$ cat query09.cif   # mmCIF, C-alpha atoms
data_structure
loop_
_atom_site.label_atom_id
_atom_site.label_comp_id
_atom_site.auth_asym_id
_atom_site.auth_seq_id
_atom_site.Cartn_x
_atom_site.Cartn_y
_atom_site.Cartn_z
CA MET A 29 -15.12 18.47 40.01
CA THR A 30 -13.32 18.95 36.70
CA ASP A 31 -14.28 16.59 33.90
CA THR A 32 -10.89 15.37 32.63
CA ARG A 33 -12.48 14.50 29.31
CA ARG A 34 -12.46 18.24 28.56
CA GLU A 35 -8.68 17.95 28.51
CA LEU A 36 -8.59 15.34 25.75
CA PRO A 37 -5.62 15.86 23.41
CA ARG A 38 -6.12 16.38 19.68
CA VAL A 39 -5.32 13.53 17.29
CA ASP A 40 -2.58 15.52 15.53
CA ALA A 41 -1.01 16.45 18.86
CA VAL A 42 -0.77 12.83 19.94
CA LEU A 43 0.65 11.82 16.57
CA ALA A 44 3.31 14.52 16.93
CA ASP A 45 4.35 13.35 20.38
CA PRO A 46 7.96 12.02 20.18
CA ARG A 47 6.95 8.86 22.02
CA VAL A 48 4.41 8.11 19.30
CA THR A 49 6.51 9.16 16.32
CA GLY A 50 9.17 6.74 17.53
CA ALA A 51 6.77 3.88 16.83
CA LEU A 52 6.26 4.85 13.18
CA ASP A 53 9.23 2.73 12.14
CA ARG A 54 7.17 -0.40 12.85
CA VAL A 55 3.62 0.70 11.97
CA SER A 56 2.14 2.83 9.20
CA ARG A 57 0.94 6.37 9.92
CA ASN A 58 -2.61 5.28 9.06
CA GLU A 59 -2.41 2.49 11.65
CA ALA A 60 -1.02 4.90 14.22
CA LYS A 61 -3.84 7.35 13.49
CA ARG A 62 -6.43 4.57 13.89
CA VAL A 63 -4.97 3.61 17.28
CA VAL A 64 -4.84 7.25 18.42
CA THR A 65 -8.45 7.88 17.38
CA SER A 66 -9.75 4.75 19.11
CA THR A 67 -7.73 5.53 22.27
CA ILE A 68 -9.09 9.06 22.48
CA ALA A 69 -12.57 7.60 22.06
CA ARG A 70 -11.89 5.32 25.04
CA ALA A 71 -10.82 8.33 27.09
CA ARG A 72 -13.94 10.22 26.02
CA ALA A 73 -16.03 7.26 27.21
CA GLY A 74 -14.26 7.40 30.57
CA GLU A 75 -12.48 4.05 30.15
CA ILE A 76 -9.05 5.64 30.64
CA ASP A 77 -7.82 8.96 32.01
CA SER A 78 -7.06 11.75 29.54
CA ALA A 79 -3.54 12.01 30.90
CA ASP A 80 -2.91 8.37 30.00
CA VAL A 81 -3.81 8.62 26.29
CA VAL A 82 -0.25 8.84 24.97
CA LYS A 83 0.92 5.94 27.14
CA ALA A 84 -2.05 3.81 26.05
CA VAL A 85 -1.30 4.60 22.41
CA CYS A 86 2.35 3.63 22.82
CA ASP A 87 1.38 0.38 24.54
CA ALA A 88 -1.03 -0.47 21.72
CA LEU A 89 1.51 0.34 19.00
CA ALA A 90 4.09 -1.88 20.70
CA GLY A 91 1.78 -4.89 20.42
CA PRO A 92 1.42 -7.41 17.58
CA LEU A 93 0.29 -6.18 14.16
CA THR A 94 -2.04 -9.09 13.51
CA GLN A 95 -5.19 -10.19 15.27
CA MET A 96 -4.12 -13.83 15.21
CA ARG A 97 -2.95 -14.72 18.68
CA PRO A 98 -0.64 -17.63 19.53
CA VAL A 99 -2.27 -20.19 21.80
CA LEU A 100 -1.17 -23.30 23.66
CA ASN A 101 -3.38 -26.16 22.50
CA ALA A 102 -4.31 -28.12 25.63
CA THR A 103 -7.48 -29.60 24.12
CA GLY A 104 -5.90 -32.96 23.23
CA VAL A 105 -7.08 -32.52 19.61
CA VAL A 106 -3.92 -32.59 17.50
CA LEU A 107 -5.26 -31.10 14.25
CA HIS A 108 -7.69 -28.63 15.77
CA THR A 109 -9.19 -26.78 12.80
CA ASN A 110 -10.20 -23.74 14.87
CA LEU A 111 -6.61 -23.48 16.15
CA GLY A 112 -4.96 -23.71 12.72
CA ARG A 113 -4.46 -27.48 12.39
CA ALA A 114 -0.86 -28.67 12.09
CA PRO A 115 1.79 -26.69 14.01
CA LEU A 116 4.89 -26.22 11.87
CA SER A 117 8.27 -27.66 12.77
CA ALA A 118 11.21 -25.44 13.65
CA GLN A 119 12.70 -26.29 10.25
CA ALA A 120 9.53 -25.18 8.45
CA LEU A 121 9.47 -21.93 10.43
CA ALA A 122 13.08 -21.22 9.45
CA ALA A 123 12.21 -21.93 5.81
CA LEU A 124 9.36 -19.41 6.00
CA THR A 125 11.76 -16.74 7.20
CA ASP A 126 14.25 -17.51 4.43
CA ALA A 127 11.50 -17.39 1.80
CA ALA A 128 10.06 -14.08 3.02
CA GLY A 129 12.42 -12.06 0.82
CA TYR A 130 13.55 -12.56 -2.75
CA VAL A 131 14.16 -16.23 -3.58
CA ASP A 132 14.83 -18.28 -6.69
CA LEU A 133 11.17 -19.35 -6.86
CA GLU A 134 11.08 -19.60 -10.67
CA TYR A 135 14.69 -18.72 -11.41
CA ASP A 136 17.83 -20.74 -12.08
CA VAL A 137 20.76 -18.80 -10.66
CA ALA A 138 23.22 -20.99 -12.61
CA THR A 139 21.81 -20.14 -16.04
CA GLY A 140 20.04 -16.89 -15.28
CA ARG A 141 16.88 -18.25 -16.84
CA ARG A 142 13.39 -19.11 -15.71
CA SER A 143 12.94 -22.53 -14.10
CA GLU A 144 10.20 -24.75 -12.65
CA ARG A 145 8.23 -23.04 -9.89
CA GLY A 146 8.84 -24.57 -6.46
CA ARG A 147 11.00 -27.34 -7.89
CA GLY A 148 12.51 -28.15 -4.48
CA ALA A 149 9.13 -28.84 -2.86
CA VAL A 150 7.98 -30.85 -5.88
CA ALA A 151 11.16 -32.95 -5.77
CA ALA A 152 10.78 -33.53 -2.03
CA LEU A 153 7.18 -34.69 -2.51
CA ARG A 154 8.23 -37.06 -5.30
CA GLU A 155 10.87 -38.56 -3.03
CA ALA A 156 8.40 -38.90 -0.16
CA ALA A 157 5.84 -40.65 -2.38
CA PRO A 158 7.87 -42.75 -4.86
CA ARG A 159 4.79 -44.74 -5.94
CA ALA A 160 3.49 -41.61 -7.68
CA GLU A 161 4.67 -41.13 -11.26
CA ASP A 162 4.22 -37.38 -10.86
CA VAL A 163 3.03 -34.91 -8.24
CA MET A 164 1.56 -31.43 -8.06
CA ILE A 165 1.08 -28.93 -5.23
CA VAL A 166 -1.86 -26.50 -5.00
CA ASN A 167 -3.17 -24.19 -2.31
CA ASN A 168 -5.45 -26.55 -0.35
CA GLY A 169 -6.98 -30.01 -0.31
CA ALA A 170 -10.36 -29.00 -1.71
CA ALA A 171 -8.59 -27.24 -4.60
CA ALA A 172 -6.66 -30.43 -5.40
CA LEU A 173 -9.91 -32.38 -5.72
CA LEU A 174 -11.64 -29.63 -7.68
CA LEU A 175 -8.76 -29.34 -10.13
CA ALA A 176 -8.78 -33.11 -10.69
CA VAL A 177 -12.55 -33.23 -11.27
CA THR A 178 -12.51 -30.12 -13.47
CA THR A 179 -9.78 -31.54 -15.66
CA LEU A 180 -11.23 -35.03 -16.03
CA ALA A 181 -14.97 -34.51 -15.85
CA ALA A 182 -16.11 -30.94 -16.66
CA GLY A 183 -19.25 -31.37 -18.76
CA ARG A 184 -19.24 -35.08 -18.01
CA GLU A 185 -20.22 -37.36 -15.13
CA VAL A 186 -18.55 -38.15 -11.81
CA ILE A 187 -19.64 -41.44 -10.26
CA ILE A 188 -19.61 -41.44 -6.46
CA SER A 189 -21.14 -43.50 -3.68
CA ARG A 190 -24.01 -41.91 -1.74
CA GLY A 191 -22.17 -42.79 1.45
CA GLU A 192 -19.31 -40.50 0.40
CA LEU A 193 -21.28 -37.34 -0.41
CA VAL A 194 -19.82 -35.66 2.64
CA GLU A 195 -19.90 -32.17 4.06
CA ILE A 196 -16.32 -31.15 4.71
CA GLY A 197 -16.98 -28.37 7.20
CA ASN A 198 -18.43 -24.87 7.44
CA GLY A 199 -21.32 -25.88 5.17
CA PHE A 200 -19.23 -26.92 2.17
CA ARG A 201 -20.78 -30.02 0.64
CA LEU A 202 -18.99 -32.29 -1.79
CA PRO A 203 -21.81 -32.51 -4.37
CA ASP A 204 -21.90 -28.71 -4.58
CA LEU A 205 -18.13 -28.53 -5.02
CA ILE A 206 -18.20 -31.12 -7.81
CA THR A 207 -21.11 -29.56 -9.69
CA SER A 208 -19.40 -26.16 -9.49
CA THR A 209 -16.81 -27.56 -11.91
CA GLY A 210 -19.49 -28.22 -14.53
CA ALA A 211 -19.51 -31.95 -13.89
CA ARG A 212 -22.65 -33.96 -13.13
CA VAL A 213 -22.78 -36.13 -10.02
CA VAL A 214 -24.03 -39.68 -10.52
CA GLU A 215 -24.89 -41.17 -7.14
CA VAL A 216 -24.65 -44.93 -6.70
CA GLY A 217 -25.47 -47.32 -3.88
CA THR A 218 -26.95 -46.24 -0.56
CA THR A 219 -25.72 -44.40 2.50
CA ASN A 220 -24.46 -47.55 4.17
CA ARG A 221 -23.93 -50.08 1.35
CA THR A 222 -22.44 -49.71 -2.12
CA THR A 223 -21.26 -52.57 -4.37
CA VAL A 224 -18.96 -52.74 -7.36
CA GLY A 225 -22.04 -53.63 -9.42
CA ASP A 226 -23.55 -50.24 -8.54
CA TYR A 227 -20.52 -48.51 -10.01
CA ALA A 228 -20.35 -50.77 -13.05
CA ALA A 229 -23.99 -50.12 -13.92
CA ALA A 230 -23.36 -46.36 -13.89
CA VAL A 231 -20.27 -46.37 -16.13
CA GLY A 232 -21.00 -45.12 -19.62
CA GLU A 233 -19.78 -42.95 -22.46
CA SER A 234 -20.38 -39.79 -20.41
CA THR A 235 -18.30 -40.96 -17.44
CA GLY A 236 -15.40 -38.61 -16.77
CA CYS A 237 -14.11 -40.31 -13.63
CA ILE A 238 -14.98 -42.29 -10.56
CA ALA A 239 -14.42 -40.46 -7.26
CA LYS A 240 -13.83 -42.21 -3.96
CA ILE A 241 -13.89 -39.94 -0.92
CA HIS A 242 -12.63 -40.94 2.50
CA PRO A 243 -15.42 -39.98 4.96
CA SER A 244 -12.82 -38.53 7.26
CA ASN A 245 -15.01 -36.65 9.71
CA PHE A 246 -17.46 -39.45 10.54
CA ARG A 247 -17.69 -43.22 10.67
CA VAL A 248 -20.51 -45.55 9.61
CA GLU A 249 -20.70 -48.89 11.42
CA GLY A 250 -22.94 -51.95 11.33
CA PHE A 251 -24.61 -53.19 8.15
CA THR A 252 -22.18 -51.60 5.69
CA SER A 253 -20.18 -52.39 2.58
CA SER A 254 -17.92 -50.37 0.32
CA VAL A 255 -15.85 -50.96 -2.79
CA THR A 256 -12.06 -51.13 -2.81
CA VAL A 257 -9.85 -48.97 -4.96
CA THR A 258 -8.60 -52.09 -6.76
CA GLU A 259 -12.17 -53.03 -7.74
CA LEU A 260 -12.87 -49.50 -8.98
CA ALA A 261 -9.64 -49.39 -11.00
CA ALA A 262 -10.78 -52.45 -12.95
CA LEU A 263 -13.87 -50.66 -14.26
CA GLY A 264 -12.01 -48.51 -16.77
CA PRO A 265 -12.59 -44.79 -16.05
CA PRO A 266 -9.92 -42.84 -14.15
CA VAL A 267 -10.25 -43.23 -10.38
CA ILE A 268 -9.69 -40.19 -8.16
CA VAL A 269 -9.28 -41.00 -4.47
CA ASP A 270 -9.39 -38.21 -1.91
CA ILE A 271 -7.74 -39.58 1.24
CA GLY A 272 -8.16 -36.29 3.10
CA SER A 273 -5.62 -36.39 5.88
CA GLY A 274 -2.36 -36.27 3.93
CA LEU A 275 -0.84 -39.46 5.29
CA LEU A 276 1.79 -40.42 2.70
CA ARG A 277 2.73 -43.85 4.10
CA PRO A 278 1.06 -46.34 6.45
CA ASP A 279 1.20 -45.35 10.12
CA PRO A 280 1.11 -48.20 12.69
CA ALA A 281 -0.58 -45.84 15.15
CA LEU A 282 -3.46 -45.29 12.70
CA PRO A 283 -3.87 -48.60 10.89
CA ALA A 284 -7.31 -47.77 9.44
CA GLU A 285 -6.30 -44.39 8.03
CA PRO A 286 -5.81 -44.41 4.22
CA ASP A 287 -2.41 -43.33 2.94
CA ALA A 288 -1.23 -42.18 -0.47
CA THR A 289 1.29 -44.96 -1.06
CA SER A 290 -1.13 -47.81 -0.38
CA THR A 291 -3.89 -46.11 -2.37
CA LEU A 292 -1.67 -45.71 -5.41
CA GLU A 293 -0.50 -49.31 -5.12
CA ALA A 294 -4.16 -50.37 -5.07
CA GLY A 295 -4.65 -48.80 -8.49
CA ALA A 296 -5.79 -45.20 -7.98
CA ASP A 297 -5.01 -42.96 -10.94
CA LEU A 298 -4.95 -39.80 -8.82
CA VAL A 299 -4.76 -39.27 -5.07
CA THR A 300 -5.61 -35.91 -3.53
CA CYS A 301 -5.10 -34.80 0.08
CA SER A 302 -4.16 -31.93 2.39
CA GLY A 303 -0.72 -30.85 3.55
CA ASP A 304 -1.72 -29.36 6.91
CA LYS A 305 -3.17 -32.48 8.48
CA LEU A 306 -1.27 -35.70 9.25
CA LEU A 307 1.58 -34.67 6.96
CA GLY A 308 2.19 -31.93 9.51
CA GLY A 309 2.97 -29.11 7.09
CA PRO A 310 1.38 -25.86 5.91
CA GLN A 311 -2.02 -25.62 4.27
CA ALA A 312 -1.63 -27.08 0.80
CA GLY A 313 -3.29 -29.51 -1.57
CA LEU A 314 -1.33 -32.47 -2.91
CA VAL A 315 -2.01 -34.37 -6.12
CA LEU A 316 -0.16 -37.65 -6.71
CA GLY A 317 -0.59 -40.20 -9.47
CA ARG A 318 -0.20 -41.06 -13.13
CA ALA A 319 2.16 -38.77 -15.00
CA GLY A 320 -0.14 -38.15 -17.95
CA LEU A 321 -3.07 -37.16 -15.75
CA VAL A 322 -1.01 -34.96 -13.43
CA ASP A 323 0.40 -33.19 -16.49
CA ARG A 324 -3.15 -32.53 -17.71
CA LEU A 325 -3.96 -30.96 -14.35
CA ARG A 326 -0.78 -28.89 -14.41
CA THR A 327 -1.59 -27.41 -17.82
CA HIS A 328 -5.30 -26.79 -17.18
CA PRO A 329 -6.24 -23.07 -17.05
CA PHE A 330 -7.81 -23.56 -13.60
CA ALA A 331 -4.40 -24.57 -12.22
CA ARG A 332 -3.34 -20.91 -12.20
CA ALA A 333 -6.22 -20.04 -9.87
CA VAL A 334 -5.11 -22.59 -7.26
CA ARG A 335 -1.38 -21.96 -7.54
CA VAL A 336 0.55 -22.21 -4.29
CA ASP A 337 2.67 -19.36 -2.92
CA LYS A 338 6.40 -19.32 -2.14
CA LEU A 339 5.97 -19.42 1.65
CA THR A 340 3.89 -22.59 1.47
CA LEU A 341 6.34 -24.23 -0.92
CA ALA A 342 9.24 -23.43 1.41
CA ALA A 343 7.48 -24.71 4.54
CA LEU A 344 6.24 -27.84 2.75
CA GLU A 345 9.69 -28.74 1.45
CA ALA A 346 11.20 -28.28 4.92
CA THR A 347 8.43 -30.43 6.41
CA LEU A 348 9.05 -33.23 3.91
CA ARG A 349 12.84 -33.14 4.33
CA GLY A 350 12.92 -32.40 8.04
CA PRO A 351 12.71 -34.56 11.17
CA THR A 352 9.56 -35.97 12.76
CA THR A 353 6.89 -33.26 12.79
CA PRO A 354 5.16 -31.91 15.91
CA THR A 355 1.97 -33.49 14.56
CA ALA A 356 3.50 -36.95 14.39
CA LEU A 357 5.04 -36.55 17.85
CA ALA A 358 1.67 -35.55 19.31
CA VAL A 359 -0.22 -38.40 17.64
CA GLY A 360 2.40 -40.92 18.75
CA ALA A 361 2.92 -39.59 22.29
CA SER A 362 2.96 -42.48 24.77
CA PRO A 363 0.34 -42.45 27.54
CA SER A 364 3.00 -43.26 30.15
CA HIS A 365 5.10 -40.25 29.14
CA LEU A 366 2.07 -37.97 29.25
CA GLN A 367 1.12 -39.37 32.65
CA ARG A 368 4.55 -38.59 34.10
CA ARG A 369 4.38 -35.01 32.82
CA VAL A 370 0.89 -34.48 34.19
CA GLU A 371 1.79 -35.98 37.56
CA ALA A 372 4.81 -33.70 37.87
CA LEU A 373 2.80 -30.61 36.95
CA VAL A 374 -0.06 -31.52 39.28
CA ALA A 375 2.38 -32.10 42.15
CA ASP A 376 3.89 -28.64 41.61
CA LEU A 377 0.47 -26.98 41.48
CA ARG A 378 -0.79 -28.76 44.59
CA ARG A 379 2.29 -27.62 46.52
CA ASP A 380 1.22 -24.08 45.65
CA GLY A 381 -2.32 -24.69 46.90
CA VAL A 382 -4.03 -25.31 43.56
CA PRO A 383 -6.71 -28.05 43.65
CA ALA A 384 -5.25 -29.90 40.66
CA SER A 385 -5.73 -33.57 39.84
CA VAL A 386 -4.46 -36.20 37.40
CA GLU A 387 -7.20 -37.16 34.96
CA LYS A 388 -7.35 -39.67 32.14
CA SER A 389 -7.93 -37.90 28.84
CA ASP A 390 -8.69 -39.30 25.41
CA GLY A 391 -7.21 -37.13 22.68
CA ALA A 392 -8.13 -37.17 19.00
CA VAL A 393 -6.41 -36.63 15.67
CA GLY A 394 -8.93 -34.00 14.55
CA GLY A 395 -9.00 -32.15 11.25
CA GLY A 396 -11.06 -34.91 9.68
CA GLY A 397 -8.42 -37.56 10.36
CA ALA A 398 -8.93 -40.98 11.95
CA PRO A 399 -12.57 -40.46 13.02
CA GLY A 400 -13.47 -42.40 16.13
CA VAL A 401 -9.86 -43.15 17.06
CA MET A 402 -9.13 -42.19 20.65
CA LEU A 403 -5.57 -41.30 21.65
CA ALA A 404 -5.14 -42.42 25.26
CA GLY A 405 -3.48 -39.88 27.49
CA TYR A 406 -3.70 -37.75 30.64
CA ALA A 407 -4.64 -34.19 31.55
CA VAL A 408 -4.32 -31.78 34.43
CA GLY A 409 -7.74 -31.40 36.07
CA LEU A 410 -8.71 -28.01 37.50
CA PRO A 411 -11.97 -26.44 38.66
CA ALA A 412 -14.03 -25.45 35.60
CA PHE A 413 -13.72 -21.69 36.20
CA TYR A 414 -10.05 -21.84 35.19
CA ALA A 415 -10.96 -22.47 31.52
CA GLU A 416 -12.02 -18.92 30.65
CA SER A 417 -9.23 -17.23 32.59
CA LEU A 418 -6.61 -19.40 30.89
CA ARG A 419 -8.09 -18.73 27.44
CA ILE A 420 -7.93 -14.96 27.80
CA GLY A 421 -4.61 -14.93 29.62
CA ASP A 422 -1.10 -14.45 28.28
CA PRO A 423 -0.14 -16.94 27.04
CA SER A 424 -3.57 -18.04 25.91
CA ILE A 425 -4.10 -21.66 26.98
CA VAL A 426 -7.06 -23.44 25.40
CA GLY A 427 -8.22 -26.51 27.29
CA ARG A 428 -11.62 -28.15 27.42
CA VAL A 429 -14.33 -28.47 30.04
CA ASP A 430 -15.44 -32.03 30.69
CA ARG A 431 -16.95 -33.83 33.69
CA GLY A 432 -17.16 -30.49 35.49
CA LEU A 433 -13.42 -29.92 35.19
CA CYS A 434 -11.12 -27.75 33.13
CA LEU A 435 -8.85 -30.33 31.51
CA LEU A 436 -5.40 -29.35 30.26
CA ASP A 437 -4.23 -32.18 28.00
CA LEU A 438 -0.46 -31.98 27.47
CA ARG A 439 -0.37 -34.04 24.25
CA CYS A 440 0.11 -31.01 21.99
CA ILE A 441 2.10 -28.93 24.49
CA PRO A 442 5.89 -28.90 24.02
CA LEU A 443 7.62 -30.16 27.16
CA ALA A 444 9.41 -26.82 27.57
CA ARG A 445 6.04 -25.06 27.96
CA ASP A 446 4.89 -27.03 31.02
CA ALA A 447 6.43 -24.32 33.18
CA ASP A 448 4.40 -21.67 31.33
CA ILE A 449 1.19 -23.57 32.08
CA ARG A 450 2.10 -23.77 35.76
CA ALA A 451 2.86 -20.05 35.88
CA ALA A 452 -0.39 -19.16 34.08
CA VAL A 453 -2.48 -21.24 36.48
CA LEU A 454 -0.88 -19.59 39.47
CA THR A 455 -1.75 -16.10 38.23
CA ILE A 456 -5.49 -16.80 38.33
CA ASP A 457 -7.40 -15.33 41.29
CA GLY A 458 -8.48 -18.11 43.60
CA ALA A 459 -5.79 -20.49 42.31
CA ALA A 460 -4.14 -20.86 45.68
CA SER A 461 -6.01 -21.46 48.89
#
$ encode --input "query09.cif" --output "structure tokens"
Amino acid sequence: MTDTRRELPRVDAVLADPRVTGALDRVSRNEAKRVVTSTIARARAGEIDSADVVKAVCDALAGPLTQMRPVLNATGVVLHTNLGRAPLSAQALAALTDAAGYVDLEYDVATGRRSERGRGAVAALREAAPRAEDVMIVNNGAAALLLAVTTLAAGREVIISRGELVEIGNGFRLPDLITSTGARVVEVGTTNRTTVGDYAAAVGESTGCIAKIHPSNFRVEGFTSSVTVTELAALGPPVIVDIGSGLLRPDPALPAEPDATSTLEAGADLVTCSGDKLLGGPQAGLVLGRAGLVDRLRTHPFARAVRVDKLTLAALEATLRGPTTPTALAVGASPSHLQRRVEALVADLRRDGVPASVEKSDGAVGGGGAPGVMLAGYAVGLPAFYAESLRIGDPSIVGRVDRGLCLLDLRCIPLARDADIRAAVLTIDGAAS
């Protein structure tokens, strides 16, 4: 028998093939060479036939240029950090496209002179949070808090309750973040109980600020006590409150979740939060509060290091000025509506021989928002083996395995994609009896 690997084409020959050169208008030559080299290596390993190298190269070059793959979030977790948190609205996506080219980011077309960077997004945030005297936008929520602490307390002390010395994910711990600014952490109270007297006893000439952090990814219950923002504001030093989730106004669906408006009304000097959580926008850090303090942050040298880019500014402005976000729609989805969708999808699948069932499913806000709050809903129940096949399929559908079932929660799935879920389930071997 002839070993077809002896007939492997040369890299330069494949690159010169007209079918491959036609793809060079969408990929760089270096990328094409990388794909050709790896494809020939696959043929050498016997994974594909030598005669199919050019076709395999063309197929690979026709695919996406990024490794990030779109997925359908059927986990029931709205702000799933591993899946990119808040999905952007159609308006925000259009704004991203418009901002991809040259834009008047720091330019006034009327005068031909330089203007305020991202003034549209800043104005939209001011309008959305009128209780704030001034606002600022940076590149993420942690950066907003770090900039505030750096400006007010570098070389000085930050007073914070022991119960709020949280780890925000991936090993990043709040005390380490604060001390990285050159500030010293002064811990007061205990894990479960802190009083206003604890704070008052710690205030001194070296106090730069008092920080109050919403423990957004856990909840302490039982014998507990904490201090209100109003009580802290009466102690004298500036009060920074990190509310985490980016809720700008009270939400009846999440009555225990702190919001920027209420926190400012309670007396906070600065409020920091994220833009890609309950606000439903792109990753960004928001600072809202007293004009004099926000101006100090804006002019601090560190502000340049956390400056936000034009794409984020465009998407954030469109989010603030646009209609109800996909995040808000998912959080507020009614259980009865979800039940009807699930029942219809299950009925279709069962008609095609799939052993599907209607299952109750508690969703969650996720992303460090509303810890412990369950969002009642429903999911399509399938045998557990479906989970992996759906994840690696096209489209990729990420559900969760619970109670021995693969659960597909429709809370975060647009109604128009129910048909795609049905089609994906039916393509799996063993789906129909």
$ atom_distance --input "query09.cif" --atom1 "atom CA of Leu438 of chain A" --atom2 "atom CA of Gly350 of chain A"
23.6 Å
$ closest_residue --input "query09.cif" --among "A:Arg277, A:Arg450, A:Arg72, A:His108" --to "Glu35 of chain A" --atoms "only C-alpha atoms"
A:Arg72
$ resolve_selection --input "query09.cif" --expression "the PyMOL selection byres ((chain A and resi 168-178) around 6)" --output "PyMOL selection string"
chain A and resi 166-167+179-182+209+300-302+311-313
$ closest_residue --input "query09.cif" --among "A:Ala262, A:Leu133, A:Ala392, A:Leu436" --to "Leu373 of chain A" --atoms "all atoms listed in the file"
A:Leu436
$ closest_residue --input "query09.cif" --among "A:Ala296, A:Leu111, A:Ala60, A:Ala361" --to "Cys86 of chain A" --atoms "all atoms listed in the file"
A:Ala60
$ residues_around --input "query09.cif" --residues "Leu306 of chain A" --least-positions-apart "4" --cutoff "6 Å" --atoms "only C-alpha atoms" --output "PyMOL selection string"
chain A and resi 273-275
$ atom_distance --input "query09.cif" --atom1 "atom CA of Ala294 of chain A" --atom2 "atom CA of Glu155 of chain A"
19.2 Å
$ residues_around --input "query09.cif" --residues "Leu153 of chain A" --least-positions-apart "5" --cutoff "10 Å" --atoms "only C-alpha atoms" --output "PyMOL selection string"
chain A and resi 147-148+158+160+162-165+276+314-316+344-345+347-349
$ closest_residue --input "query09.cif" --among "A:Gly236, A:Ala157, A:Lys83, A:Val248" --to "Pro399 of chain A" --atoms "all atoms listed in the file"
A:Val248
$ closest_residue --input "query09.cif" --among "A:Thr94, A:Val267, A:Ala375, A:Lys338" --to "Leu321 of chain A" --atoms "only C-alpha atoms"
A:Val267
$ atom_distance --input "query09.cif" --atom1 "atom CA of Ser189 of chain A" --atom2 "atom CA of Leu325 of chain A"
23.8 Å
$ residues_around --input "query09.cif" --residues "segment 278-286 of chain A" --least-positions-apart "6" --cutoff "12 Å" --atoms "all atoms listed in the file" --output "number ranges by chain"
A: 157, 240-245, 247, 256-257, 269-272, 292-294, 299-301, 306-307, 356-362, 392-393, 396-404
$ residues_near_point --input "query09.cif" --point "(10.9, -14.2, -3.0)" --cutoff "12 Å" --atoms "only C-alpha atoms" --output "NGL selection string"
:A and (123-135 or 145-146 or 337-342)
$ closest_residue --input "query09.cif" --among "A:Val231, A:Ala122, A:Val386, A:Val336" --to "Ala149 of chain A" --atoms "only C-alpha atoms"
A:Val336
$ resolve_selection --input "query09.cif" --expression "the PyMOL selection byres ((chain A and resi 106) around 9)" --output "number ranges by chain"
A: 101, 103-105, 107-108, 113-115, 355, 358-359, 391-395, 439-440
$ residues_around --input "query09.cif" --residues "Ile188 of chain A" --least-positions-apart "3" --cutoff "8 Å" --atoms "only C-alpha atoms" --output "ChimeraX atom specification"
/A:192-193,213-216,227,238-240
$ residues_near_point --input "query09.cif" --point "(4.3, -37.5, 34.6)" --cutoff "12 Å" --atoms "only C-alpha atoms" --output "number ranges by chain"
A: 362-376, 385-387, 405-408, 438-439, 443, 446
$ resolve_selection --input "query09.cif" --expression "the PyMOL selection byres ((chain A and resi 415) around 9)" --output "CSV table (one decimal) with C-alpha atoms, in the frame of the given file"
chain,number,residue,atom,x,y,z
A,410,LEU,CA,-8.7,-28.0,37.5
A,411,PRO,CA,-12.0,-26.4,38.7
A,412,ALA,CA,-14.0,-25.4,35.6
A,413,PHE,CA,-13.7,-21.7,36.2
A,414,TYR,CA,-10.0,-21.8,35.2
A,416,GLU,CA,-12.0,-18.9,30.6
A,417,SER,CA,-9.2,-17.2,32.6
A,418,LEU,CA,-6.6,-19.4,30.9
A,419,ARG,CA,-8.1,-18.7,27.4
A,420,ILE,CA,-7.9,-15.0,27.8
A,425,ILE,CA,-4.1,-21.7,27.0
A,426,VAL,CA,-7.1,-23.4,25.4
A,427,GLY,CA,-8.2,-26.5,27.3
A,428,ARG,CA,-11.6,-28.2,27.4
A,429,VAL,CA,-14.3,-28.5,30.0
A,433,LEU,CA,-13.4,-29.9,35.2
A,434,CYS,CA,-11.1,-27.8,33.1
A,435,LEU,CA,-8.8,-30.3,31.5
A,436,LEU,CA,-5.4,-29.4,30.3
$ residues_around --input "query09.cif" --residues "Gly232 of chain A" --least-positions-apart "5" --cutoff "12 Å" --atoms "all atoms listed in the file" --output "ChimeraX atom specification"
/A:184-187,214,227,237-238,263-265
$ build_atoms --input "query09.cif" --residues "segment 439-445 of chain A" --atoms "N, CA and C atoms" --output "PDB file, in the frame of the given file"
ATOM      1  N   ARG A 439      -0.804 -33.352  25.464  1.00  0.00           N
ATOM      2  CA  ARG A 439      -0.370 -34.040  24.250  1.00  0.00           C
ATOM      3  C   ARG A 439       0.255 -33.093  23.221  1.00  0.00           C
ATOM      4  N   CYS A 440      -0.352 -31.952  23.023  1.00  0.00           N
ATOM      5  CA  CYS A 440       0.110 -31.010  21.990  1.00  0.00           C
ATOM      6  C   CYS A 440       0.959 -29.875  22.564  1.00  0.00           C
ATOM      7  N   ILE A 441       1.293 -29.966  23.826  1.00  0.00           N
ATOM      8  CA  ILE A 441       2.100 -28.930  24.490  1.00  0.00           C
ATOM      9  C   ILE A 441       3.561 -29.346  24.499  1.00  0.00           C
ATOM     10  N   PRO A 442       4.465 -28.558  23.929  1.00  0.00           N
ATOM     11  CA  PRO A 442       5.890 -28.900  24.020  1.00  0.00           C
ATOM     12  C   PRO A 442       6.313 -28.997  25.484  1.00  0.00           C
ATOM     13  N   LEU A 443       7.186 -29.938  25.775  1.00  0.00           N
ATOM     14  CA  LEU A 443       7.620 -30.160  27.160  1.00  0.00           C
ATOM     15  C   LEU A 443       8.143 -28.880  27.796  1.00  0.00           C
ATOM     16  N   ALA A 444       8.832 -28.050  27.019  1.00  0.00           N
ATOM     17  CA  ALA A 444       9.410 -26.820  27.570  1.00  0.00           C
ATOM     18  C   ALA A 444       8.356 -25.819  28.019  1.00  0.00           C
ATOM     19  N   ARG A 445       7.091 -26.017  27.595  1.00  0.00           N
ATOM     20  CA  ARG A 445       6.040 -25.060  27.960  1.00  0.00           C
ATOM     21  C   ARG A 445       5.249 -25.483  29.197  1.00  0.00           C
TER      22      ARG A 445
END
